[in-house]
>>> print(open('data18.csv').read())   # CSV, C-alpha atoms
chain,number,residue,atom,x,y,z
A,1,MET,CA,-14.6,18.7,6.2
A,2,THR,CA,-18.3,18.1,5.8
A,3,SER,CA,-18.1,18.8,2.0
A,4,PHE,CA,-15.8,15.7,1.5
A,5,GLN,CA,-17.0,12.2,2.0
A,6,ALA,CA,-14.2,10.1,0.5
A,7,ILE,CA,-10.4,10.0,0.2
A,8,ALA,CA,-8.8,8.2,-2.8
A,9,THR,CA,-5.0,7.7,-2.9
A,10,ASP,CA,-2.2,6.2,-4.9
A,11,LEU,CA,0.2,4.0,-3.0
A,12,ASP,CA,3.8,4.0,-4.2
A,13,GLY,CA,5.4,7.5,-4.0
A,14,THR,CA,2.3,8.9,-2.4
A,15,LEU,CA,0.9,7.1,0.7
A,16,LEU,CA,3.9,4.9,1.0
A,17,ARG,CA,7.3,6.1,2.0
A,18,SER,CA,10.2,5.4,-0.4
A,19,ASP,CA,11.0,2.2,1.4
A,20,GLY,CA,7.5,0.9,0.7
A,21,THR,CA,6.3,1.2,4.3
A,22,VAL,CA,3.3,3.0,5.8
A,23,SER,CA,4.4,5.4,8.6
A,24,ALA,CA,2.7,5.3,12.0
A,25,ARG,CA,1.5,8.9,11.4
A,26,THR,CA,-0.1,8.0,8.1
A,27,ARG,CA,-1.7,4.9,9.5
A,28,THR,CA,-3.2,6.9,12.3
A,29,ALA,CA,-4.5,9.6,9.9
A,30,VAL,CA,-6.1,7.0,7.7
A,31,MET,CA,-7.8,5.3,10.6
A,32,ALA,CA,-9.0,8.7,11.9
A,33,ALA,CA,-10.5,9.5,8.6
A,34,GLU,CA,-12.5,6.3,8.5
A,35,ASP,CA,-13.5,6.8,12.1
A,36,SER,CA,-14.9,10.2,11.1
A,37,GLY,CA,-17.1,8.5,8.5
A,38,LEU,CA,-15.0,9.1,5.4
A,39,ARG,CA,-14.7,6.4,2.8
A,40,PHE,CA,-11.0,5.5,2.1
A,41,VAL,CA,-10.2,4.1,-1.3
A,42,ILE,CA,-6.8,2.8,-2.5
A,43,ALA,CA,-6.2,3.3,-6.2
A,44,THR,CA,-2.9,1.9,-7.4
A,45,GLY,CA,-1.0,0.9,-10.4
A,46,ARG,CA,0.1,-2.3,-8.6
A,47,PRO,CA,-1.4,-5.5,-9.8
A,48,PRO,CA,-3.6,-7.5,-7.3
A,49,ARG,CA,-0.7,-9.8,-6.5
A,50,TRP,CA,1.1,-6.9,-4.9
A,51,ILE,CA,-1.6,-5.8,-2.4
A,52,ALA,CA,-1.0,-8.2,0.5
A,53,PRO,CA,1.9,-6.2,2.0
A,54,ILE,CA,-0.3,-3.1,2.1
A,55,VAL,CA,-3.1,-4.9,3.8
A,56,GLU,CA,-0.6,-6.2,6.4
A,57,GLN,CA,0.4,-2.6,7.2
A,58,LEU,CA,-2.9,-0.7,6.9
A,59,GLY,CA,-5.4,-3.5,7.8
A,60,ASP,CA,-8.4,-4.4,5.7
A,61,ARG,CA,-9.4,-1.2,3.8
A,62,GLY,CA,-12.1,-2.8,1.7
A,63,LEU,CA,-12.0,-3.1,-2.0
A,64,VAL,CA,-8.8,-2.0,-3.7
A,65,ILE,CA,-8.6,-0.5,-7.2
A,66,CYS,CA,-5.5,-2.1,-8.9
A,67,ALA,CA,-3.7,-2.1,-12.2
A,68,ASN,CA,-4.5,1.6,-12.8
A,69,GLY,CA,-8.2,0.9,-12.6
A,70,ALA,CA,-8.3,-2.3,-14.7
A,71,ALA,CA,-9.3,-4.4,-11.7
A,72,VAL,CA,-11.2,-4.1,-8.4
A,73,TYR,CA,-9.8,-6.6,-5.9
A,74,ASP,CA,-11.2,-7.9,-2.6
A,75,PRO,CA,-8.2,-8.7,-0.4
A,76,ALA,CA,-10.4,-10.3,2.3
A,77,GLU,CA,-11.7,-12.9,-0.1
A,78,HIS,CA,-8.7,-12.8,-2.5
A,79,ARG,CA,-10.8,-12.4,-5.5
A,80,LEU,CA,-11.2,-10.0,-8.4
A,81,VAL,CA,-14.6,-8.3,-8.2
A,82,SER,CA,-14.3,-6.8,-11.7
A,83,CYS,CA,-11.9,-6.5,-14.6
A,84,ILE,CA,-11.6,-4.4,-17.7
A,85,GLU,CA,-9.1,-6.2,-19.9
A,86,LEU,CA,-7.3,-5.9,-23.2
A,87,LYS,CA,-8.5,-8.6,-25.5
A,88,ALA,CA,-5.9,-11.3,-26.3
A,89,GLU,CA,-6.1,-10.8,-30.0
A,90,VAL,CA,-5.6,-7.0,-29.6
A,91,VAL,CA,-2.5,-7.6,-27.5
A,92,LEU,CA,-1.1,-10.1,-30.1
A,93,SER,CA,-1.3,-7.4,-32.7
A,94,LEU,CA,0.2,-4.8,-30.4
A,95,VAL,CA,3.2,-7.0,-29.5
A,96,ASP,CA,4.3,-7.2,-33.1
A,97,GLU,CA,4.0,-3.5,-33.7
A,98,ILE,CA,5.6,-2.5,-30.4
A,99,LEU,CA,8.6,-4.8,-31.1
A,100,ASP,CA,8.9,-3.4,-34.6
A,101,ALA,CA,9.0,0.2,-33.2
A,102,PHE,CA,11.0,-0.6,-30.1
A,103,PRO,CA,13.3,-3.7,-30.8
A,104,ASP,CA,14.9,-3.4,-27.3
A,105,ALA,CA,11.6,-3.6,-25.5
A,106,LEU,CA,11.1,-6.3,-22.9
A,107,LEU,CA,7.4,-7.3,-22.7
A,108,GLY,CA,5.4,-8.7,-19.8
A,109,CYS,CA,1.7,-9.1,-19.0
A,110,GLU,CA,-0.5,-9.1,-16.0
A,111,GLN,CA,-3.4,-11.6,-16.2
A,112,GLY,CA,-5.5,-11.9,-13.1
A,113,PHE,CA,-3.0,-13.0,-10.4
A,114,ASP,CA,-0.4,-14.2,-12.9
A,115,PHE,CA,2.6,-12.4,-14.3
A,116,SER,CA,4.3,-13.5,-17.5
A,117,LEU,CA,7.6,-12.3,-18.9
A,118,ASP,CA,9.0,-12.8,-22.4
A,119,GLU,CA,11.9,-15.1,-22.5
A,120,SER,CA,14.0,-12.4,-24.3
A,121,PHE,CA,14.8,-11.0,-20.8
A,122,LYS,CA,17.8,-13.4,-20.9
A,123,GLN,CA,19.3,-11.2,-23.6
A,124,LYS,CA,17.6,-7.9,-23.1
A,125,ASN,CA,17.7,-5.4,-20.2
A,126,GLN,CA,19.9,-7.4,-18.0
A,127,GLY,CA,19.8,-6.3,-14.4
A,128,LEU,CA,16.3,-4.8,-14.7
A,129,VAL,CA,14.2,-7.9,-14.1
A,130,GLY,CA,15.2,-8.2,-10.5
A,131,SER,CA,13.1,-5.1,-9.6
A,132,TRP,CA,9.9,-7.0,-10.5
A,133,LYS,CA,8.2,-9.3,-8.0
A,134,LEU,CA,9.2,-12.6,-9.4
A,135,GLU,CA,7.3,-15.0,-7.2
A,136,GLY,CA,5.1,-17.2,-9.5
A,137,LEU,CA,6.7,-15.7,-12.6
A,138,GLN,CA,6.0,-17.4,-15.9
A,139,VAL,CA,8.7,-17.1,-18.5
A,140,GLY,CA,8.3,-18.0,-22.2
A,141,PRO,CA,7.6,-16.5,-25.6
A,142,ILE,CA,5.2,-13.6,-24.8
A,143,ARG,CA,2.8,-14.7,-27.5
A,144,SER,CA,2.4,-18.1,-25.8
A,145,PHE,CA,0.6,-16.4,-22.9
A,146,LEU,CA,-1.8,-14.5,-25.0
A,147,ASP,CA,-4.6,-17.1,-25.1
A,148,ARG,CA,-6.1,-15.1,-22.2
A,149,ASP,CA,-7.1,-11.4,-22.0
A,150,VAL,CA,-4.7,-9.0,-20.3
A,151,LEU,CA,-5.0,-6.5,-17.4
A,152,LYS,CA,-1.8,-4.7,-18.3
A,153,LEU,CA,0.8,-5.1,-21.0
A,154,ILE,CA,4.1,-3.9,-19.7
A,155,VAL,CA,6.8,-2.5,-22.0
A,156,ARG,CA,10.2,-2.1,-20.3
A,157,LEU,CA,12.9,-0.2,-22.2
A,158,PRO,CA,16.5,0.4,-21.5
A,159,SER,CA,16.9,3.2,-19.0
A,160,PRO,CA,17.0,6.1,-19.2
A,161,ALA,CA,14.3,6.4,-21.8
A,162,ALA,CA,14.1,9.6,-23.8
A,163,PRO,CA,11.4,12.2,-22.8
A,164,GLY,CA,8.4,11.6,-25.0
A,165,THR,CA,8.8,7.8,-25.2
A,166,ALA,CA,5.3,7.3,-23.7
A,167,ASP,CA,3.8,9.5,-26.4
A,168,ALA,CA,5.8,7.7,-29.1
A,169,LEU,CA,4.4,4.4,-27.9
A,170,GLN,CA,0.9,5.8,-27.7
A,171,ALA,CA,1.3,6.8,-31.3
A,172,VAL,CA,2.2,3.2,-32.2
A,173,VAL,CA,-0.8,1.7,-30.4
A,174,GLY,CA,-3.3,4.4,-31.3
A,175,ASP,CA,-6.7,4.0,-29.7
A,176,ARG,CA,-6.4,0.3,-29.1
A,177,ALA,CA,-4.8,0.8,-25.6
A,178,LEU,CA,-4.0,3.6,-23.2
A,179,VAL,CA,-0.3,4.1,-22.3
A,180,THR,CA,0.7,5.5,-18.9
A,181,HIS,CA,3.5,5.2,-16.4
A,182,SER,CA,3.9,5.1,-12.7
A,183,ILE,CA,7.7,5.1,-12.5
A,184,ASP,CA,9.5,6.7,-15.5
A,185,GLU,CA,9.3,6.4,-19.3
A,186,SER,CA,11.4,3.3,-19.4
A,187,PHE,CA,8.6,1.3,-17.7
A,188,LEU,CA,5.4,1.8,-19.6
A,189,GLU,CA,2.0,0.2,-18.9
A,190,LEU,CA,-0.8,-0.4,-21.5
A,191,SER,CA,-4.4,-0.9,-20.5
A,192,HIS,CA,-7.8,-1.0,-22.1
A,193,PRO,CA,-8.4,2.5,-23.5
A,194,SER,CA,-11.3,3.1,-21.1
A,195,VAL,CA,-9.2,2.3,-18.0
A,196,HIS,CA,-7.9,4.9,-15.6
A,197,LYS,CA,-8.1,5.4,-11.9
A,198,ALA,CA,-10.8,8.1,-12.0
A,199,ALA,CA,-13.3,5.9,-13.9
A,200,ALA,CA,-12.8,3.0,-11.4
A,201,ILE,CA,-13.1,5.3,-8.4
A,202,GLU,CA,-16.2,7.0,-9.8
A,203,GLN,CA,-17.8,3.6,-10.4
A,204,LEU,CA,-17.0,2.3,-6.9
A,205,LEU,CA,-18.2,5.4,-5.1
A,206,SER,CA,-21.3,5.9,-7.1
A,207,GLU,CA,-22.8,2.9,-5.3
A,208,SER,CA,-22.6,5.0,-2.1
A,209,GLY,CA,-23.9,8.2,-3.8
A,210,ILE,CA,-20.5,10.0,-3.5
A,211,ALA,CA,-19.8,12.5,-6.3
A,212,ALA,CA,-16.4,13.6,-7.6
A,213,SER,CA,-16.8,17.0,-5.8
A,214,GLN,CA,-16.9,15.1,-2.5
A,215,VAL,CA,-13.6,13.3,-3.1
A,216,VAL,CA,-10.0,14.3,-2.0
A,217,ALA,CA,-7.5,12.5,-4.1
A,218,PHE,CA,-3.7,12.1,-3.7
A,219,GLY,CA,-1.1,11.1,-6.3
A,220,ASP,CA,2.4,11.5,-7.7
A,221,MET,CA,2.7,10.2,-11.3
A,222,PRO,CA,1.1,10.5,-14.7
A,223,ASN,CA,-1.1,7.5,-14.1
A,224,ASP,CA,-2.8,9.6,-11.3
A,225,LEU,CA,-3.6,12.5,-13.6
A,226,GLU,CA,-7.2,11.6,-14.4
A,227,MET,CA,-7.9,11.0,-10.7
A,228,ILE,CA,-6.4,14.3,-9.6
A,229,ARG,CA,-8.3,16.2,-12.3
A,230,TRP,CA,-11.6,14.4,-11.5
A,231,ALA,CA,-11.6,14.8,-7.8
A,232,GLY,CA,-13.1,17.8,-6.0
A,233,HIS,CA,-9.7,18.4,-4.5
A,234,GLY,CA,-6.7,16.9,-6.1
A,235,VAL,CA,-3.4,16.8,-4.1
A,236,ALA,CA,0.1,16.1,-5.5
A,237,VAL,CA,2.9,15.2,-3.1
A,238,ALA,CA,6.1,17.3,-3.3
A,239,ASN,CA,8.0,14.5,-5.0
A,240,ALA,CA,5.4,14.2,-7.8
A,241,ASP,CA,5.9,14.5,-11.5
A,242,PRO,CA,5.7,18.1,-12.7
A,243,LEU,CA,2.6,17.2,-14.8
A,244,LEU,CA,0.8,16.1,-11.7
A,245,LYS,CA,1.8,19.2,-9.7
A,246,ALA,CA,0.5,21.4,-12.5
A,247,ALA,CA,-2.9,19.6,-12.5
A,248,ALA,CA,-3.3,19.5,-8.7
A,249,ASP,CA,-5.3,21.9,-6.6
A,250,GLU,CA,-2.7,21.6,-3.9
A,251,VAL,CA,0.9,20.4,-3.4
A,252,THR,CA,1.6,18.8,0.0
A,253,ALA,CA,4.8,17.5,1.6
A,254,SER,CA,6.6,14.5,0.1
A,255,ASN,CA,5.7,10.9,0.7
A,256,ASP,CA,8.6,10.6,3.0
A,257,GLU,CA,7.3,13.6,5.0
A,258,ASP,CA,3.8,12.1,5.4
A,259,GLY,CA,2.3,14.6,3.0
A,260,VAL,CA,-1.0,12.6,2.7
A,261,ALA,CA,-1.3,12.5,6.5
A,262,GLN,CA,-0.7,16.2,6.8
A,263,VAL,CA,-3.6,17.0,4.5
A,264,ILE,CA,-5.9,14.5,6.2
A,265,GLU,CA,-5.1,15.9,9.6
A,266,ARG,CA,-5.8,19.4,8.5
A,267,LEU,CA,-9.1,18.4,6.9
A,268,LEU,CA,-10.2,16.5,10.0
A,269,GLY,CA,-9.0,19.2,12.4
>>> encode(input="data18.csv", output="C-alpha cells")
Amino acid sequence: MTSFQAIATDLDGTLLRSDGTVSARTRTAVMAAEDSGLRFVIATGRPPRWIAPIVEQLGDRGLVICANGAAVYDPAEHRLVSCIELKAEVVLSLVDEILDAFPDALLGCEQGFDFSLDESFKQKNQGLVGSWKLEGLQVGPIRSFLDRDVLKLIVRLPSPAAPGTADALQAVVGDRALVTHSIDESFLELSHPSVHKAAAIEQLLSESGIAASQVVAFGDMPNDLEMIRWAGHGVAVANADPLLKAAADEVTASNDEDGVAQVIERLLG
C-alpha cells in the first residue's frame, strides 16, 4: 500500500449504494484509509448544492470536486474554492444550435449554487423533471439566465436516447464544450472543454506532491473515464458502463456490494 498515497472516487453508482446511502462498511473503510495517512478525494458529477447529504453521511472529507471537475467546493465553509465555467456568450450560441439539432431537448444550467430550468419543461419531457433536486429551482426562458457564466449546461432528452446521442451532441458543439454523461445518454452534461475529473484531481493533489501513479481511483460512468485512465490504479465497479470496465485496471464488486470498500480493505490489509 505504500506506493499509493490517495484515493479518488465518484459518488453515485460507485461509493454510494443505489439508494444514495453510504454503507457502514464503506464508511469504516474510508475512515481507515484516512487514518492510515491516505488522502481521500471525492470527485463527482453532482453540483455543489447536492453535497450536503454526503457530508452528513461521511463526515467532513475536505474539499470536494463537483460538477465533473468544474468546481472545487469547501463544504465546511459552504464556498466554491475554484470554478472553470462556460462563458455565458458561448452557452447562448450553444443553446440555439442544440435546440435546432434536438428540438425535444429540455435545457437547464448549473451556476454556482443555483439551478435554472427552461420553462419549456411544462410541455416537454413530462414526468422527468421530478428526478431533479428542485429546491431553489428557477424556471424561465433559458436565455434569461445566461447573463452569468455556467458550470454545467444540462441537456435532457426523451428516454431512452439512441446510442451515440452523446457523440451526436458533441459534433454539434464542437470544441466549445465537452459532452459527458453520468446516467445515460438521455441526460447529457456540457462543461468547459478543459473540464474533467482527472484534471481537477491532479490540480488538487499536486499541492501535496501526490502524482497520478500514487492514486487509486474508482468510478462507474463515462464521466469517470479520464480519472480512471489517469490514476495509477483505476477501478471500475461491477455495475459500471462497459467503456469504463474496458479502461479500468480492475473491476471490483458493485456499488451495492461495497466494491470500493472491498478494494480499500485489501490495499490496507
>>> residues_around(input="data18.csv", residues="region 2-17 of chain A", least_positions_apart="4", cutoff="7 Å", atoms="only C-alpha atoms", output="PyMOL selection string")
chain A and resi 21-22+38-44+210+214-220+237+255-256+260
>>> closest_residue(input="data18.csv", among="A:Pro75, A:Leu94, A:Ser213, A:Val139", to="Pro53 (chain A)", atoms="only C-alpha atoms")
A:Pro75
>>> residues_around(input="data18.csv", residues="Asp96 (chain A)", least_positions_apart="4", cutoff="12 Å", atoms="only C-alpha atoms", output="PyMOL selection string")
chain A and resi 89-92+100-103+105+107+142-143+172-173
>>> closest_residue(input="data18.csv", among="A:Ile201, A:Leu243, A:Leu58, A:Ser208", to="Ala231 (chain A)", atoms="only C-alpha atoms")
A:Ile201
>>> residues_near_point(input="data18.csv", point="(-11.9, -8.4, -13.6)", cutoff="8 Å", atoms="all atoms listed in the file", output="ChimeraX atom specification")
/A:70-72,80-85,112
>>> atom_distance(input="data18.csv", atom1="CA of Asp224 (chain A)", atom2="CA of Phe145 (chain A)")
28.7 Å
>>> closest_residue(input="data18.csv", among="A:Ala168, A:Ala32, A:Leu204, A:Leu117", to="Val64 (chain A)", atoms="all atoms listed in the file")
A:Leu204
>>> residues_around(input="data18.csv", residues="Ser194 (chain A)", least_positions_apart="6", cutoff="12 Å", atoms="all atoms listed in the file", output="list in words")
Asn68, Gly69, Ala70, Cys83, Ile84, Glu85, Leu86, Asp175, Arg176, Ala177, Leu178, Val179, Ala200 and Glu226 of chain A
>>> write_last_selection(input="data18.csv", atoms="C-alpha atoms", output="PDB file, keeping the file's coordinate frame")
ATOM      1  CA  ASN A  68      -4.500   1.600 -12.800  1.00  0.00           C
ATOM      2  CA  GLY A  69      -8.200   0.900 -12.600  1.00  0.00           C
ATOM      3  CA  ALA A  70      -8.300  -2.300 -14.700  1.00  0.00           C
ATOM      4  CA  CYS A  83     -11.900  -6.500 -14.600  1.00  0.00           C
ATOM      5  CA  ILE A  84     -11.600  -4.400 -17.700  1.00  0.00           C
ATOM      6  CA  GLU A  85      -9.100  -6.200 -19.900  1.00  0.00           C
ATOM      7  CA  LEU A  86      -7.300  -5.900 -23.200  1.00  0.00           C
ATOM      8  CA  ASP A 175      -6.700   4.000 -29.700  1.00  0.00           C
ATOM      9  CA  ARG A 176      -6.400   0.300 -29.100  1.00  0.00           C
ATOM     10  CA  ALA A 177      -4.800   0.800 -25.600  1.00  0.00           C
ATOM     11  CA  LEU A 178      -4.000   3.600 -23.200  1.00  0.00           C
ATOM     12  CA  VAL A 179      -0.300   4.100 -22.300  1.00  0.00           C
ATOM     13  CA  ALA A 200     -12.800   3.000 -11.400  1.00  0.00           C
ATOM     14  CA  GLU A 226      -7.200  11.600 -14.400  1.00  0.00           C
TER      15      GLU A 226
END
>>> closest_residue(input="data18.csv", among="A:Gln123, A:Ser18, A:Arg49, A:His192", to="Leu137 (chain A)", atoms="only C-alpha atoms")
A:Arg49
>>> closest_residue(input="data18.csv", among="A:Asp74, A:Asp147, A:Glu257, A:Glu250", to="Ala24 (chain A)", atoms="all atoms listed in the file")
A:Glu257
>>> atom_distance(input="data18.csv", atom1="CA of Arg61 (chain A)", atom2="CA of Gly45 (chain A)")
16.6 Å
>>> atom_distance(input="data18.csv", atom1="CA of Asp149 (chain A)", atom2="CA of Gln111 (chain A)")
6.9 Å
>>> residues_near_point(input="data18.csv", point="(-4.5, 20.4, -9.3)", cutoff="9 Å", atoms="all atoms listed in the file", output="NGL selection string")
:A and (228-229 or 233-236 or 244-251)
>>> closest_residue(input="data18.csv", among="A:Leu268, A:Trp230, A:Leu146, A:Leu106", to="Asp35 (chain A)", atoms="all atoms listed in the file")
A:Leu268
